[in-house]
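To start, the structure under review is shown below, and the notes come after it.
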Amino acid sequence: MASMHRVTPARRIPLQTIEASRRLERTAAATLPPHTLMQRAGLAVARLALALAPHARTIWIACGPGNNGGDGLEAAMHLQRWGQHPVVTWLGDEASAPEDARASLARARSAGVAFSATPPAGLGPDDLCIDALLGLGAARAPQGRMADWLRTMQASPAPVLAVDLPSGLNAETGNFAPDSIAVDDHSTLGSCQIQAQNTLSLLSCKPGLFTAHGRDAAGTVWFDDLGVVGSAEPACAWTNGTPPRIHRAHATHKGSHGDVAMVGGEGLNRRGMGMTGAALLAASAALHGGAGRVLVSLFDDGAMTLDPALPELMFRRFEALDLRQLTVVCGCGGGDAVRPVLPQVLSQSPRLVLDADALNAIAADTSLRGLVQMRARRGLATVLTPHPLEAARLLGSGSAAVQSDRLAAVRRLADDLACTVVLKGSGTLIATPGEAPALNLTGNARLGTAGTGDVLAGLIGARLAGGAAPFQAACAAVYQHGEAADAWPPDEALTAGAMARRLRD
């Protein structure tokens, strides 16, 4: 029996590559009567369409020449029989259409579905557009009438439901095939890029729906397994589900919850570029995230001995830190001053989070890179938290290359450096050697403000200090970090300092 549900951050779901999805489809089709999968897919699309737009005067279903279009034709048949008013525009050729699509075409015609050579005019916000043009079949940017229909759909006030994938979106990378329109330094999007309000992923869930441009393009994602359960296909990644609650026994004390040391924060006197705030934000996040004690070692010549806003923080000179007993978060606002202390930090810290300028120093120094790799052989826990540009420096590439395949980039980083890596961005990814990466679904664009990455680094440090393994600590902190942004009051500016203070362990 098919099972449809809305994909939410709380639930862990396996994600499949394009090839795995196609193998799953072939395997399922071989065990079922002919045309069964398309019938189930069309019924699922029709049910969701009716739920989303029960009072629609017109439901425009744009159908491509392949099986994605066949799903749309099948959905049109059901909607017509249920008393709705679907209008189908079809790009297919009956002589060359796939066998299943031809069967659904015949069923739609026999039900009296209206076919049109052009999109219906006068669509309103209560109507519905269904994008059944490409699905997994996107190999290049849509062209010709398909591109025209997508532009019409995007300009329409009617909401869009995409079947399997928004047309043109790569199922694995979450990027659109480029054409001539350059958007920024990191990506090039097609002029017919579609942004659906809802997407129904069929048979398998695809990672591209949840990372890079996929999160904006797909809108709310629904999933229907079409009654095919127990896939033997291994997941290329999993969505990052709700972390376990932290339970603290009564018979504990501050020493039971771990000591976190912040090493960073270049002072204003060094280069005229004060960045102590970054280290203080990370320290605040560790404190509010549940660390028993938080020590702060700033690169400011010892000028700061107390933070009046957070008197709980304990300031230390670097040489006074016993690194072997601490969870260290290193690099936040560290500037050039972080480079001389990194060999000692990398060699001695049993649990370590590396962020910002620490990552840049490692990218530029092969000896430091070797010390990172050696930590795994010594059984020391390491988490790296790069944004795309920092990841590109570590990989010796450009940020556009990282963003073109975020999943591949985070896997490569984790394998190369033998540690857990958090690749920040739209659909943050967490990878560690030997495990399928986690793709996080919490968070939103309001995190795009200075200091929120420092807050995440401090929160991971608190989880590590509390005894979590690196991958689990990173997954839990990333989820919690994004969840805080999702719950933020809509009429209040999200700032990193306020966010750190509202964290709960």
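Residues are named by chain letter and number: chains run A, B, ... in the order of the structure tokens, numbers start at 1 in each chain, and ligands are numbered from 1 in the order shown.
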*Would you list the contacts of segment 459-466 of chain A as a list of chain:residue names, taking every protein, DNA or RNA residue within 6 Å and counting only C-alpha atoms, but skipping same-chain residues closer than 3 positions in sequence?*
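The contact residues come out as A:His257, A:Gly258, A:Ala285, A:Ala286, A:Gly289, A:Gly290, A:Ala291, A:Thr327, A:Leu456, A:Ala473, A:Ala474, A:Ala477.
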*Any chance you could list, as JSON, numbers by chain, the residues in segment 406-504 of chain A that come up helix (DSSP H, G or I) when DSSP is run on the backbone?*
{"A": [406, 407, 408, 409, 410, 411, 412, 413, 414, 415, 416, 417, 445, 446, 447, 452, 453, 454, 455, 456, 457, 458, 459, 460, 461, 462, 463, 464, 465, 470, 471, 472, 473, 474, 475, 476, 477, 478, 479, 480, 481, 482, 483, 484, 485, 486, 496, 497, 498, 499, 500, 501]}
_Expected answer as number ranges by chain: strand (DSSP E or B) residues in segment 306-496 of chain A_ = A: 314-315, 327-330, 351-354, 381-384, 420-423, 429-431, 438-439
Can you write out the residues you just picked, keeping N, CA, C and O atoms, as a CSV table (one decimal), in the first residue's frame?
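Output (again_17.csv):
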chain,number,residue,atom,x,y,z
A,314,MET,N,35.4,32.1,31.5
A,314,MET,CA,36.7,32.2,32.3
A,314,MET,C,37.8,32.5,31.3
A,314,MET,O,38.1,31.7,30.4
A,315,PHE,N,38.5,33.6,31.4
A,315,PHE,CA,39.5,34.0,30.4
A,315,PHE,C,40.9,33.4,30.9
A,315,PHE,O,41.2,33.4,32.0
A,327,THR,N,38.0,20.1,25.5
A,327,THR,CA,37.4,20.2,24.2
A,327,THR,C,37.7,21.6,23.7
A,327,THR,O,37.4,22.6,24.3
A,328,VAL,N,38.4,21.7,22.5
A,328,VAL,CA,38.9,23.0,22.0
A,328,VAL,C,38.1,23.3,20.8
A,328,VAL,O,37.9,22.5,19.9
A,329,VAL,N,37.6,24.6,20.7
A,329,VAL,CA,37.1,25.2,19.5
A,329,VAL,C,38.0,26.2,19.1
A,329,VAL,O,38.3,27.2,19.8
A,330,CYS,N,38.6,26.1,17.9
A,330,CYS,CA,39.8,26.9,17.5
A,330,CYS,C,39.5,27.5,16.1
A,330,CYS,O,39.1,26.9,15.2
A,351,ARG,N,39.6,16.5,21.8
A,351,ARG,CA,38.3,16.8,21.1
A,351,ARG,C,38.4,18.2,20.5
A,351,ARG,O,38.7,19.1,21.3
A,352,LEU,N,38.2,18.3,19.2
A,352,LEU,CA,38.6,19.6,18.6
A,352,LEU,C,37.6,20.0,17.5
A,352,LEU,O,37.2,19.1,16.7
A,353,VAL,N,37.2,21.2,17.5
A,353,VAL,CA,36.4,21.8,16.5
A,353,VAL,C,37.2,22.9,15.8
A,353,VAL,O,37.7,23.8,16.5
A,354,LEU,N,37.4,22.8,14.5
A,354,LEU,CA,38.2,23.7,13.7
A,354,LEU,C,37.3,24.6,12.8
A,354,LEU,O,36.5,24.0,12.0
A,381,ALA,N,39.2,13.1,18.4
A,381,ALA,CA,38.0,13.5,17.7
A,381,ALA,C,38.2,14.9,17.1
A,381,ALA,O,38.7,15.8,17.7
A,382,THR,N,37.8,15.0,15.8
A,382,THR,CA,37.9,16.3,15.1
A,382,THR,C,36.7,16.6,14.2
A,382,THR,O,36.2,15.7,13.5
A,383,VAL,N,36.2,17.8,14.3
A,383,VAL,CA,35.1,18.3,13.5
A,383,VAL,C,35.6,19.6,12.8
A,383,VAL,O,36.0,20.5,13.4
A,384,LEU,N,35.4,19.6,11.5
A,384,LEU,CA,35.7,20.8,10.7
A,384,LEU,C,34.3,21.4,10.3
A,384,LEU,O,33.4,20.7,9.9
A,420,THR,N,35.2,14.3,10.8
A,420,THR,CA,33.9,14.8,10.5
A,420,THR,C,33.9,16.2,10.0
A,420,THR,O,34.6,17.0,10.5
A,421,VAL,N,33.1,16.4,8.9
A,421,VAL,CA,33.1,17.7,8.2
A,421,VAL,C,31.7,18.2,8.1
A,421,VAL,O,30.8,17.4,7.7
A,422,VAL,N,31.4,19.4,8.5
A,422,VAL,CA,30.1,20.1,8.4
A,422,VAL,C,30.3,21.1,7.2
A,422,VAL,O,31.0,22.1,7.4
A,423,LEU,N,29.6,20.9,6.1
A,423,LEU,CA,29.7,21.8,5.0
A,423,LEU,C,28.4,22.7,5.1
A,423,LEU,O,27.3,22.3,4.8
A,429,LEU,N,25.4,19.9,5.1
A,429,LEU,CA,25.8,18.4,5.0
A,429,LEU,C,26.8,18.1,6.1
A,429,LEU,O,27.7,18.9,6.4
A,430,ILE,N,26.6,16.9,6.7
A,430,ILE,CA,27.6,16.4,7.7
A,430,ILE,C,28.1,15.1,7.2
A,430,ILE,O,27.3,14.2,6.9
A,431,ALA,N,29.4,14.9,7.1
A,431,ALA,CA,30.0,13.7,6.6
A,431,ALA,C,31.1,13.2,7.5
A,431,ALA,O,31.8,14.0,8.1
A,438,ALA,N,24.8,13.0,6.4
A,438,ALA,CA,23.5,13.5,6.8
A,438,ALA,C,23.2,14.8,6.2
A,438,ALA,O,24.1,15.7,6.1
A,439,LEU,N,22.0,15.0,5.7
A,439,LEU,CA,21.6,16.3,5.1
A,439,LEU,C,20.6,17.0,6.0
A,439,LEU,O,19.5,16.4,6.2
*Any idea what's packed within 7 Å of segment 49-61 of chain A, counting only C-alpha atoms, ignoring anything in its chain fewer than 5 positions away? Could you give it as a count of residues only?*
14
_Of the listed residues A:Cys332, A:Glu172, A:Leu313, A:Asp225, that which approaches Gln403 of chain A most closely, counting only C-alpha atoms_ =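 The shortest atom-to-atom distance to Gln403 of chain A comes from A:Glu172.
Between atom CA of Ala218 of chain A and atom CA of Leu136 of chain A lies a distance of 13.8 Å.
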*What does the distance between atom CA of Pro388 of chain A and atom CA of Val402 of chain A come to in Å, to one decimal place?*
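About the pair atom CA of Pro388 of chain A and atom CA of Val402 of chain A: they are 6.3 Å apart.
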_For Met374 of chain A: contacts at 10 Å, only C-alpha atoms, fewer than 2 positions along chain excluded, given as a list in words_ =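 Everything that qualifies: Leu346, Ser347, Leu368, Arg369, Gly370, Leu371, Val372, Ala376, Arg377, Arg378, Gly379, Leu380, Leu417, Ala418 and Cys419 of chain A.
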Put those residues in a file: all heavy atoms, as a short mmCIF file (atom, residue, chain, number, x, y, z; two decimals), in the first residue's frame.
data_model
loop_
_atom_site.label_atom_id
_atom_site.label_comp_id
_atom_site.auth_asym_id
_atom_site.auth_seq_id
_atom_site.Cartn_x
_atom_site.Cartn_y
_atom_site.Cartn_z
N LEU A 346 46.46 20.98 17.48
CA LEU A 346 46.20 19.76 16.71
C LEU A 346 46.84 18.54 17.35
O LEU A 346 46.30 17.43 17.26
CB LEU A 346 46.73 19.93 15.28
CG LEU A 346 45.96 20.92 14.40
CD1 LEU A 346 46.76 21.23 13.13
CD2 LEU A 346 44.59 20.35 14.03
N SER A 347 47.94 18.71 17.99
CA SER A 347 48.66 17.58 18.58
C SER A 347 48.10 17.16 19.93
O SER A 347 48.16 15.98 20.29
CB SER A 347 50.14 17.94 18.74
OG SER A 347 50.72 18.23 17.49
N LEU A 368 50.33 21.29 8.61
CA LEU A 368 49.14 21.35 9.47
C LEU A 368 48.09 20.35 8.97
O LEU A 368 47.41 19.70 9.78
CB LEU A 368 48.56 22.76 9.47
CG LEU A 368 49.40 23.85 10.13
CD1 LEU A 368 48.73 25.21 9.99
CD2 LEU A 368 49.63 23.52 11.62
N ARG A 369 47.97 20.25 7.67
CA ARG A 369 47.02 19.28 7.10
C ARG A 369 47.39 17.86 7.55
O ARG A 369 46.53 17.06 7.90
CB ARG A 369 47.04 19.39 5.58
CG ARG A 369 45.95 18.60 4.87
CD ARG A 369 46.12 18.70 3.36
NE ARG A 369 44.96 18.19 2.67
CZ ARG A 369 43.95 18.91 2.24
NH1 ARG A 369 43.94 20.21 2.46
NH2 ARG A 369 42.93 18.36 1.60
N GLY A 370 48.68 17.57 7.55
CA GLY A 370 49.13 16.25 8.00
C GLY A 370 48.79 16.00 9.46
O GLY A 370 48.46 14.87 9.85
N LEU A 371 48.89 17.03 10.29
CA LEU A 371 48.53 16.88 11.71
C LEU A 371 47.04 16.60 11.88
O LEU A 371 46.65 15.83 12.77
CB LEU A 371 48.92 18.14 12.48
CG LEU A 371 50.42 18.38 12.70
CD1 LEU A 371 50.66 19.72 13.39
CD2 LEU A 371 51.03 17.23 13.52
N VAL A 372 46.21 17.21 11.04
CA VAL A 372 44.77 16.91 11.08
C VAL A 372 44.54 15.45 10.73
O VAL A 372 43.81 14.73 11.43
CB VAL A 372 43.98 17.82 10.11
CG1 VAL A 372 42.52 17.40 10.04
CG2 VAL A 372 44.08 19.28 10.54
N ALA A 376 43.11 11.18 13.46
CA ALA A 376 42.26 9.99 13.39
C ALA A 376 43.04 8.75 13.77
O ALA A 376 42.52 7.87 14.48
CB ALA A 376 41.68 9.86 11.99
N ARG A 377 44.29 8.66 13.32
CA ARG A 377 45.10 7.48 13.65
C ARG A 377 45.41 7.42 15.15
O ARG A 377 45.66 6.35 15.69
CB ARG A 377 46.40 7.50 12.84
CG ARG A 377 46.18 7.39 11.34
CD ARG A 377 47.46 7.07 10.58
NE ARG A 377 48.39 8.19 10.56
CZ ARG A 377 48.38 9.14 9.64
NH1 ARG A 377 47.46 9.12 8.67
NH2 ARG A 377 49.27 10.12 9.66
N ARG A 378 45.37 8.55 15.81
CA ARG A 378 45.62 8.61 17.26
C ARG A 378 44.33 8.51 18.08
O ARG A 378 44.35 8.60 19.30
CB ARG A 378 46.34 9.91 17.60
CG ARG A 378 47.73 10.04 16.96
CD ARG A 378 48.32 11.41 17.22
NE ARG A 378 48.41 11.70 18.65
CZ ARG A 378 48.44 12.91 19.17
NH1 ARG A 378 48.40 13.98 18.37
NH2 ARG A 378 48.52 13.09 20.47
N GLY A 379 43.18 8.36 17.40
CA GLY A 379 41.91 8.23 18.10
C GLY A 379 41.38 9.53 18.66
O GLY A 379 40.58 9.52 19.61
N LEU A 380 41.78 10.68 18.09
CA LEU A 380 41.34 11.97 18.57
C LEU A 380 40.16 12.47 17.73
O LEU A 380 40.13 12.27 16.52
CB LEU A 380 42.49 12.99 18.52
CG LEU A 380 43.78 12.58 19.26
CD1 LEU A 380 44.84 13.65 19.08
CD2 LEU A 380 43.49 12.34 20.73
N LEU A 417 40.62 14.22 4.97
CA LEU A 417 41.14 14.71 6.25
C LEU A 417 40.82 13.76 7.40
O LEU A 417 41.20 14.03 8.53
CB LEU A 417 40.57 16.10 6.53
CG LEU A 417 41.05 17.17 5.53
CD1 LEU A 417 40.28 18.46 5.71
CD2 LEU A 417 42.54 17.41 5.66
N ALA A 418 40.14 12.65 7.11
CA ALA A 418 39.87 11.60 8.10
C ALA A 418 39.19 12.15 9.34
O ALA A 418 39.59 11.88 10.47
CB ALA A 418 41.18 10.89 8.48
N CYS A 419 38.13 12.93 9.12
CA CYS A 419 37.43 13.51 10.27
C CYS A 419 35.99 13.82 9.85
O CYS A 419 35.59 13.61 8.71
CB CYS A 419 38.14 14.77 10.75
SG CYS A 419 38.21 16.08 9.50
#
*For Ala141 of chain A, list every protein, DNA or RNA residue within 9 Å, evaluated using only C-alpha atoms, and leave out those in the same chain fewer than 3 positions away; present the list as JSON, numbers by chain.*
{"A": [138, 147, 167, 168, 169, 176, 177, 178, 179, 190, 192, 193]}
*Can you work out which one of A:Ala76, A:Ala212, A:Leu268, A:Met499 has the shortest atom-to-atom distance to Ser284 of chain A, counting only C-alpha atoms?*
A:Met499
*Using atom CA of Ala468 of chain A and atom CA of Thr239 of chain A as the two end points, give the distance in Å to one decimal.*
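One can read the atom CA of Ala468 of chain A to atom CA of Thr239 of chain A distance as 19.2 Å.
Near Gln154 of chain A, within 8 Å and counting only C-alpha atoms, sit Leu150, Arg151, Thr152, Ser156, Cys192, Gln193, Ile194 and Gln195 of chain A, not including residues fewer than 2 positions from it in the same chain.
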*Taking only C-alpha atoms into account, which of A:Arg107, A:Arg270, A:His213, A:Arg140 comes nearest Arg406 of chain A?*
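Distance minimum relative to Arg406 of chain A lands on A:His213.
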